[in-house]
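Shown below: data38.cif, with mmCIF, C-alpha atoms.
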```
data_work
loop_
_atom_site.group_PDB
_atom_site.id
_atom_site.type_symbol
_atom_site.label_atom_id
_atom_site.label_comp_id
_atom_site.auth_asym_id
_atom_site.auth_seq_id
_atom_site.Cartn_x
_atom_site.Cartn_y
_atom_site.Cartn_z
ATOM 1 C CA ARG A 686 83.554 135.788 83.292
ATOM 2 C CA GLY A 687 85.200 132.498 82.343
ATOM 3 C CA THR A 688 86.818 134.096 79.295
ATOM 4 C CA TRP A 689 88.489 136.750 81.435
ATOM 5 C CA LEU A 690 89.768 134.121 83.833
ATOM 6 C CA ARG A 691 91.253 132.137 80.945
ATOM 7 C CA LEU A 692 92.929 135.244 79.548
ATOM 8 C CA VAL A 693 94.415 136.125 82.945
ATOM 9 C CA LEU A 694 95.716 132.572 83.383
ATOM 10 C CA LEU A 695 97.186 132.593 79.875
ATOM 11 C CA ALA A 696 98.914 135.931 80.516
ATOM 12 C CA ALA A 697 100.286 134.653 83.840
ATOM 13 C CA GLY A 698 101.631 131.552 82.080
ATOM 14 C CA VAL A 699 103.343 133.640 79.399
ATOM 15 C CA VAL A 700 104.876 135.909 82.035
ATOM 16 C CA ALA A 701 106.131 132.860 83.988
ATOM 17 C CA ILE A 702 107.740 131.337 80.888
ATOM 18 C CA VAL A 703 109.412 134.633 79.919
ATOM 19 C CA ALA A 704 110.690 135.002 83.499
ATOM 20 C CA LEU A 705 112.121 131.471 83.434
ATOM 21 C CA PHE A 706 113.945 132.205 80.172
ATOM 22 C CA ALA A 707 115.200 135.560 81.474
ATOM 23 C CA THR A 708 116.601 134.084 84.687
ATOM 24 C CA GLY A 709 118.391 131.277 82.838
ATOM 25 C CA VAL A 710 116.324 128.436 84.276
ATOM 26 C CA LEU A 711 115.160 127.495 80.758
ATOM 27 C CA PRO A 712 118.159 128.124 78.493
ATOM 28 C CA ALA A 713 117.434 128.262 74.775
ATOM 29 C CA ASP A 714 120.080 125.670 73.851
ATOM 30 C CA ARG A 715 118.042 122.964 75.625
ATOM 31 C CA TRP A 716 115.263 123.524 73.090
ATOM 32 C CA ARG A 717 117.583 123.102 70.075
ATOM 33 C CA PRO A 718 116.715 119.390 69.529
ATOM 34 C CA PHE A 719 113.131 120.441 68.816
ATOM 35 C CA THR A 720 114.316 122.376 65.777
ATOM 36 C CA LEU A 721 115.655 119.202 64.141
ATOM 37 C CA PRO A 722 113.388 117.333 61.692
ATOM 38 C CA GLY A 723 114.524 113.957 63.058
ATOM 39 C CA THR A 724 113.065 114.793 66.454
ATOM 40 C CA TRP A 725 109.662 115.571 64.979
ATOM 41 C CA SER A 726 109.601 112.414 62.848
ATOM 42 C CA PHE A 727 110.520 110.371 65.944
ATOM 43 C CA LEU A 728 107.695 111.999 67.914
ATOM 44 C CA ALA A 729 105.258 111.487 65.013
ATOM 45 C CA GLN A 730 106.169 107.804 64.849
ATOM 46 C CA GLY A 731 105.551 107.490 68.598
ATOM 47 C CA LEU A 732 102.204 109.256 68.259
ATOM 48 C CA SER A 733 101.072 106.986 65.424
ATOM 49 C CA THR A 734 102.107 103.886 67.406
ATOM 50 C CA THR A 735 100.232 105.152 70.459
ATOM 51 C CA LEU A 736 97.084 105.891 68.444
ATOM 52 C CA GLY A 737 97.217 102.451 66.802
ATOM 53 C CA MET A 738 97.654 100.808 70.192
ATOM 54 C CA ARG A 739 94.749 102.834 71.543
ATOM 55 C CA ALA A 740 92.467 101.859 68.653
ATOM 56 C CA ALA A 741 93.289 98.150 68.910
ATOM 57 C CA ALA A 742 92.843 98.138 72.693
ATOM 58 C CA LEU A 743 89.558 100.025 72.376
ATOM 59 C CA VAL A 744 88.106 97.471 69.969
ATOM 60 C CA GLY A 745 89.321 94.573 72.099
ATOM 61 C CA SER A 746 88.068 96.135 75.325
ATOM 62 C CA VAL A 747 84.588 96.696 73.964
ATOM 63 C CA ALA A 748 84.504 93.204 72.443
ATOM 64 C CA LEU A 749 85.453 91.627 75.801
ATOM 65 C CA GLY A 750 83.988 94.140 78.249
ATOM 66 C CA ILE A 751 80.346 94.010 77.168
ATOM 67 C CA PRO A 752 80.039 90.201 77.336
ATOM 68 C CA LEU A 753 82.040 90.195 80.570
ATOM 69 C CA GLY A 754 79.658 92.724 82.118
ATOM 70 C CA MET A 755 76.631 90.800 80.881
ATOM 71 C CA ALA A 756 78.024 87.570 82.313
ATOM 72 C CA ARG A 757 78.843 89.271 85.615
ATOM 73 C CA ALA A 758 75.306 90.657 85.846
ATOM 74 C CA SER A 759 73.537 87.417 84.967
ATOM 75 C CA ALA A 760 75.748 84.617 86.247
ATOM 76 C CA GLY A 761 75.118 83.314 89.716
ATOM 77 C CA GLY A 762 76.824 80.796 91.944
ATOM 78 C CA VAL A 763 80.367 79.748 91.170
ATOM 79 C CA ALA A 764 80.438 81.275 87.676
ATOM 80 C CA GLY A 765 79.316 84.660 89.008
ATOM 81 C CA ARG A 766 82.012 84.564 91.657
ATOM 82 C CA VAL A 767 84.660 83.672 89.080
ATOM 83 C CA PHE A 768 83.666 86.642 86.907
ATOM 84 C CA ALA A 769 83.557 88.921 89.951
ATOM 85 C CA LEU A 770 86.966 87.703 91.111
ATOM 86 C CA TRP A 771 88.467 88.235 87.661
ATOM 87 C CA ILE A 772 87.085 91.774 87.352
ATOM 88 C CA GLU A 773 88.060 92.817 90.870
ATOM 89 C CA ALA A 774 91.547 91.294 90.613
ATOM 90 C CA VAL A 775 92.263 93.068 87.335
ATOM 91 C CA ARG A 776 90.811 96.370 88.573
ATOM 92 C CA ALA A 777 92.913 96.174 91.751
ATOM 93 C CA THR A 778 96.147 95.538 89.851
ATOM 94 C CA PRO A 779 98.054 98.606 88.655
ATOM 95 C CA ILE A 780 98.090 98.978 84.876
ATOM 96 C CA LEU A 781 101.902 99.062 84.831
ATOM 97 C CA ALA A 782 102.016 95.673 86.554
ATOM 98 C CA ILE A 783 99.595 94.241 83.998
ATOM 99 C CA LEU A 784 101.709 95.585 81.142
ATOM 100 C CA LEU A 785 104.884 94.123 82.658
ATOM 101 C CA ILE A 786 103.179 90.761 83.191
ATOM 102 C CA CYS A 787 102.055 90.742 79.565
ATOM 103 C CA TYR A 788 105.469 91.700 78.217
ATOM 104 C CA LEU A 789 107.870 89.887 80.545
ATOM 105 C CA GLY A 790 105.683 87.190 82.082
ATOM 106 C CA LEU A 791 104.305 85.846 78.825
ATOM 107 C CA SER A 792 107.799 85.703 77.308
ATOM 108 C CA ARG A 793 108.880 83.489 80.227
ATOM 109 C CA LEU A 794 106.020 81.148 79.356
ATOM 110 C CA GLY A 795 107.336 80.909 75.804
ATOM 111 C CA ILE A 796 104.824 83.305 74.265
ATOM 112 C CA GLY A 797 107.022 85.798 72.468
ATOM 113 C CA LEU A 798 105.249 89.114 71.973
ATOM 114 C CA ASP A 799 106.699 92.375 70.819
ATOM 115 C CA ALA A 800 106.075 95.513 72.865
ATOM 116 C CA PHE A 801 103.115 96.628 70.751
ATOM 117 C CA GLU A 802 101.270 93.313 71.026
ATOM 118 C CA ALA A 803 101.940 93.002 74.766
ATOM 119 C CA SER A 804 100.733 96.559 75.324
ATOM 120 C CA VAL A 805 97.542 95.974 73.365
ATOM 121 C CA ILE A 806 96.838 92.785 75.320
ATOM 122 C CA GLY A 807 97.552 94.442 78.663
ATOM 123 C CA LEU A 808 95.432 97.497 77.908
ATOM 124 C CA THR A 809 92.634 95.294 76.588
ATOM 125 C CA VAL A 810 92.611 93.132 79.718
ATOM 126 C CA TYR A 811 92.597 96.125 82.047
ATOM 127 C CA ASN A 812 90.049 98.223 80.162
ATOM 128 C CA SER A 813 87.728 95.267 79.517
ATOM 129 C CA ALA A 814 87.522 94.671 83.275
ATOM 130 C CA ILE A 815 86.719 98.345 83.855
ATOM 131 C CA LEU A 816 84.172 98.347 81.040
ATOM 132 C CA GLY A 817 82.689 95.061 82.262
ATOM 133 C CA GLU A 818 81.983 96.599 85.649
ATOM 134 C CA ILE A 819 80.456 99.673 84.012
ATOM 135 C CA VAL A 820 78.210 97.464 81.861
ATOM 136 C CA ARG A 821 77.203 95.429 84.919
ATOM 137 C CA ALA A 822 76.245 98.605 86.761
ATOM 138 C CA GLY A 823 74.293 99.833 83.729
ATOM 139 C CA ILE A 824 72.397 96.552 83.513
ATOM 140 C CA GLY A 825 71.704 96.743 87.240
ATOM 141 C CA SER A 826 70.210 100.226 86.806
ATOM 142 C CA ILE A 827 67.452 98.973 84.497
ATOM 143 C CA PRO A 828 64.204 98.385 86.395
ATOM 144 C CA ARG A 829 63.321 94.747 86.904
ATOM 145 C CA GLY A 830 59.935 95.368 85.282
ATOM 146 C CA GLU A 831 61.610 95.934 81.910
ATOM 147 C CA VAL A 832 63.091 92.446 81.952
ATOM 148 C CA GLU A 833 59.865 90.898 83.195
ATOM 149 C CA ALA A 834 57.837 92.667 80.502
ATOM 150 C CA SER A 835 60.155 91.471 77.751
ATOM 151 C CA ARG A 836 60.079 87.950 79.126
ATOM 152 C CA SER A 837 56.258 88.017 79.225
ATOM 153 C CA LEU A 838 56.300 88.882 75.524
ATOM 154 C CA GLY A 839 58.048 85.594 74.830
ATOM 155 C CA LEU A 840 61.647 86.749 74.539
ATOM 156 C CA SER A 841 64.345 84.494 75.913
ATOM 157 C CA TYR A 842 66.726 85.829 78.533
ATOM 158 C CA TRP A 843 69.466 86.609 75.993
ATOM 159 C CA GLN A 844 66.973 88.157 73.559
ATOM 160 C CA SER A 845 65.623 90.446 76.269
ATOM 161 C CA MET A 846 69.177 91.381 77.246
ATOM 162 C CA ARG A 847 70.151 92.092 73.633
ATOM 163 C CA LEU A 848 66.968 93.862 72.537
ATOM 164 C CA VAL A 849 65.674 95.565 75.686
ATOM 165 C CA VAL A 850 68.125 95.777 78.571
ATOM 166 C CA LEU A 851 71.519 96.281 76.914
ATOM 167 C CA PRO A 852 70.494 99.205 74.655
ATOM 168 C CA GLN A 853 69.050 101.051 77.654
ATOM 169 C CA ALA A 854 72.046 100.191 79.842
ATOM 170 C CA LEU A 855 74.536 101.372 77.229
ATOM 171 C CA ALA A 856 72.593 104.616 76.752
ATOM 172 C CA ARG A 857 72.720 105.251 80.502
ATOM 173 C CA GLN A 858 76.482 104.741 80.562
ATOM 174 C CA VAL A 859 77.247 107.469 78.048
ATOM 175 C CA PRO A 860 78.221 110.679 79.861
ATOM 176 C CA ALA A 861 75.811 113.588 79.589
ATOM 177 C CA ARG A 862 76.799 116.248 77.103
ATOM 178 C CA ARG A 863 77.432 119.710 78.430
ATOM 179 C CA ARG A 864 75.005 122.326 77.317
ATOM 180 C CA ARG A 865 76.570 125.509 75.938
ATOM 181 C CA ASP A 866 73.850 127.806 77.225
ATOM 182 C CA VAL A 867 74.510 126.731 80.828
ATOM 183 C CA LEU A 868 78.122 127.859 80.613
#
```
Target encoding structure tokens, full file:
Amino acid sequence: RGTWLRLVLLAAGVVAIVALFATGVLPADRWRPFTLPGTWSFLAQGLSTTLGMRAAALVGSVALGIPLGMARASAGGVAGRVFALWIEAVRATPILAILLICYLGLSRLGIGLDAFEASVIGLTVYNSAILGEIVRAGIGSIPRGEVEASRSLGLSYWQSMRLVVLPQALARQVPARRRRDVL
């Protein structure tokens, strides 16, 4: 049933595109730049820059997000409020504003960054706050008895977090895989 729906949607899309070309809404001369090799090398360079930025921001976000989430889950008092304020402030700020602050704001402070570095820093800050909140929620989903049992075995707080709580919390955060036989 889903295959037929996809085929009908594909056919409707092809018919719509042919109709747009036939009526002159999409003239062929507008597509001429895509036949030039320079266009494709420019797009390939942009894709490789984007993938490099994504990889660097991913590594940085995981490296900052997990400890940030652990600190948010375990810290109390003033420190807990500082972590909570940081995470909520970053999450409430639009990503474009964070990127502009990193690129333009840091240059006003005398920290000269190129666009790639500023983008990696901005994406890392934003995604680490998101990931920190996800890690905090994952840690909060672990039953209290797990922590108490590990502590009764003689593990310190950080050992029980590293060996017992965090592996379970990270496993709970991974999205469930779709089963093929259900579809």
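Closest to Arg857 of chain A among A:Ala729, A:Val820, A:Leu736, A:Met755 is A:Val820, based on all atoms listed in the file.
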Using all atoms listed in the file, find the one residue out of A:Pro828, A:Ala741, A:Arg821, A:Ala713 that sits nearest to Ala803 of chain A.
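Under the stated criterion, the closest residue is A:Ala741.
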Rounded to one decimal in Å, what is the spacing between atom CA of Ala748 of chain A and atom CA of Gly762 of chain A?
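Pair atom CA of Ala748 of chain A / atom CA of Gly762 of chain A returns 24.4 Å.
Here the question is which of A:Met738, A:Leu705, A:Leu789, A:Leu808 gets nearest to Val775 of chain A using all atoms listed in the file, and that residue is A:Leu808.
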Measure the distance from atom CA of Ala742 of chain A to atom CA of Phe801 of chain A in Å and round it to one decimal.
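Rounded to one decimal, the two atoms are 10.6 Å apart.
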Computed interatomic separation between atom CA of Gly754 of chain A and atom CA of Val849 of chain A (Å)
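Interatomic distance here is 15.7 Å.
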Near segment 688-704 of chain A, counting all atoms listed in the file, which residues have an atom at most 12 Å away, once you skip same-chain residues fewer than 6 positions from it, shown as a PyMOL selection string?
chain A and resi 710-713+868
Determine the residue set returned by the PyMOL selection byres ((chain A and resi 745) around 9) for the present structure, and present it as a VMD selection string.
chain A and resid 740 to 744 746 to 750 805 to 806 808 to 810 812 to 813
Minimum-distance residue to Leu816 of chain A, chosen among A:Arg739, A:Ile751, A:Gly790, A:Pro722 (using only C-alpha atoms)
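When distances to Leu816 of chain A are compared using only C-alpha atoms, the smallest one comes from A:Ile751.
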Would you kindly return, as an MDAnalysis selection string, each protein, DNA or RNA residue with an atom no farther than 8 Å from any atom of Leu753 of chain A, considering only C-alpha atoms and excluding same-chain residues fewer than 5 positions away?
chainID A and resid 768 813:814 817
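Of the listed residues (A:Ile819, A:Leu855, A:Ala774, A:Leu721), A:Ile819 comes nearest to Arg757 of chain A; the distances count only C-alpha atoms.
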Evaluate the PyMOL selection byres ((chain A and resi 846) around 12) against this structure - the residues, as a CSV table (one decimal) with C-alpha atoms, in the coordinates of the input, please.
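Produced file selection-v2.csv, reproduced below:
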```
chain,number,residue,atom,x,y,z
A,751,ILE,CA,80.3,94.0,77.2
A,752,PRO,CA,80.0,90.2,77.3
A,754,GLY,CA,79.7,92.7,82.1
A,755,MET,CA,76.6,90.8,80.9
A,756,ALA,CA,78.0,87.6,82.3
A,758,ALA,CA,75.3,90.7,85.8
A,759,SER,CA,73.5,87.4,85.0
A,820,VAL,CA,78.2,97.5,81.9
A,821,ARG,CA,77.2,95.4,84.9
A,823,GLY,CA,74.3,99.8,83.7
A,824,ILE,CA,72.4,96.6,83.5
A,825,GLY,CA,71.7,96.7,87.2
A,827,ILE,CA,67.5,99.0,84.5
A,829,ARG,CA,63.3,94.7,86.9
A,831,GLU,CA,61.6,95.9,81.9
A,832,VAL,CA,63.1,92.4,82.0
A,833,GLU,CA,59.9,90.9,83.2
A,834,ALA,CA,57.8,92.7,80.5
A,835,SER,CA,60.2,91.5,77.8
A,836,ARG,CA,60.1,88.0,79.1
A,840,LEU,CA,61.6,86.7,74.5
A,841,SER,CA,64.3,84.5,75.9
A,842,TYR,CA,66.7,85.8,78.5
A,843,TRP,CA,69.5,86.6,76.0
A,844,GLN,CA,67.0,88.2,73.6
A,845,SER,CA,65.6,90.4,76.3
A,847,ARG,CA,70.2,92.1,73.6
A,848,LEU,CA,67.0,93.9,72.5
A,849,VAL,CA,65.7,95.6,75.7
A,850,VAL,CA,68.1,95.8,78.6
A,851,LEU,CA,71.5,96.3,76.9
A,852,PRO,CA,70.5,99.2,74.7
A,853,GLN,CA,69.0,101.1,77.7
A,854,ALA,CA,72.0,100.2,79.8
A,855,LEU,CA,74.5,101.4,77.2
```
Report, as JSON, the centre and edge lengths in Å (one decimal) of the axis-aligned box enclosing every listed atom of segment 804-807 of chain A, padded by 6 Å on each side.
```
{"center_x": 98.8, "center_y": 94.7, "center_z": 76.0, "size_x": 15.9, "size_y": 15.8, "size_z": 17.3}
```
Between A:Leu798, A:Ile815, A:Ala707, A:Ala760, which residue has the minimum interatomic distance to Leu785 of chain A, considering all atoms listed in the file?
A:Leu798
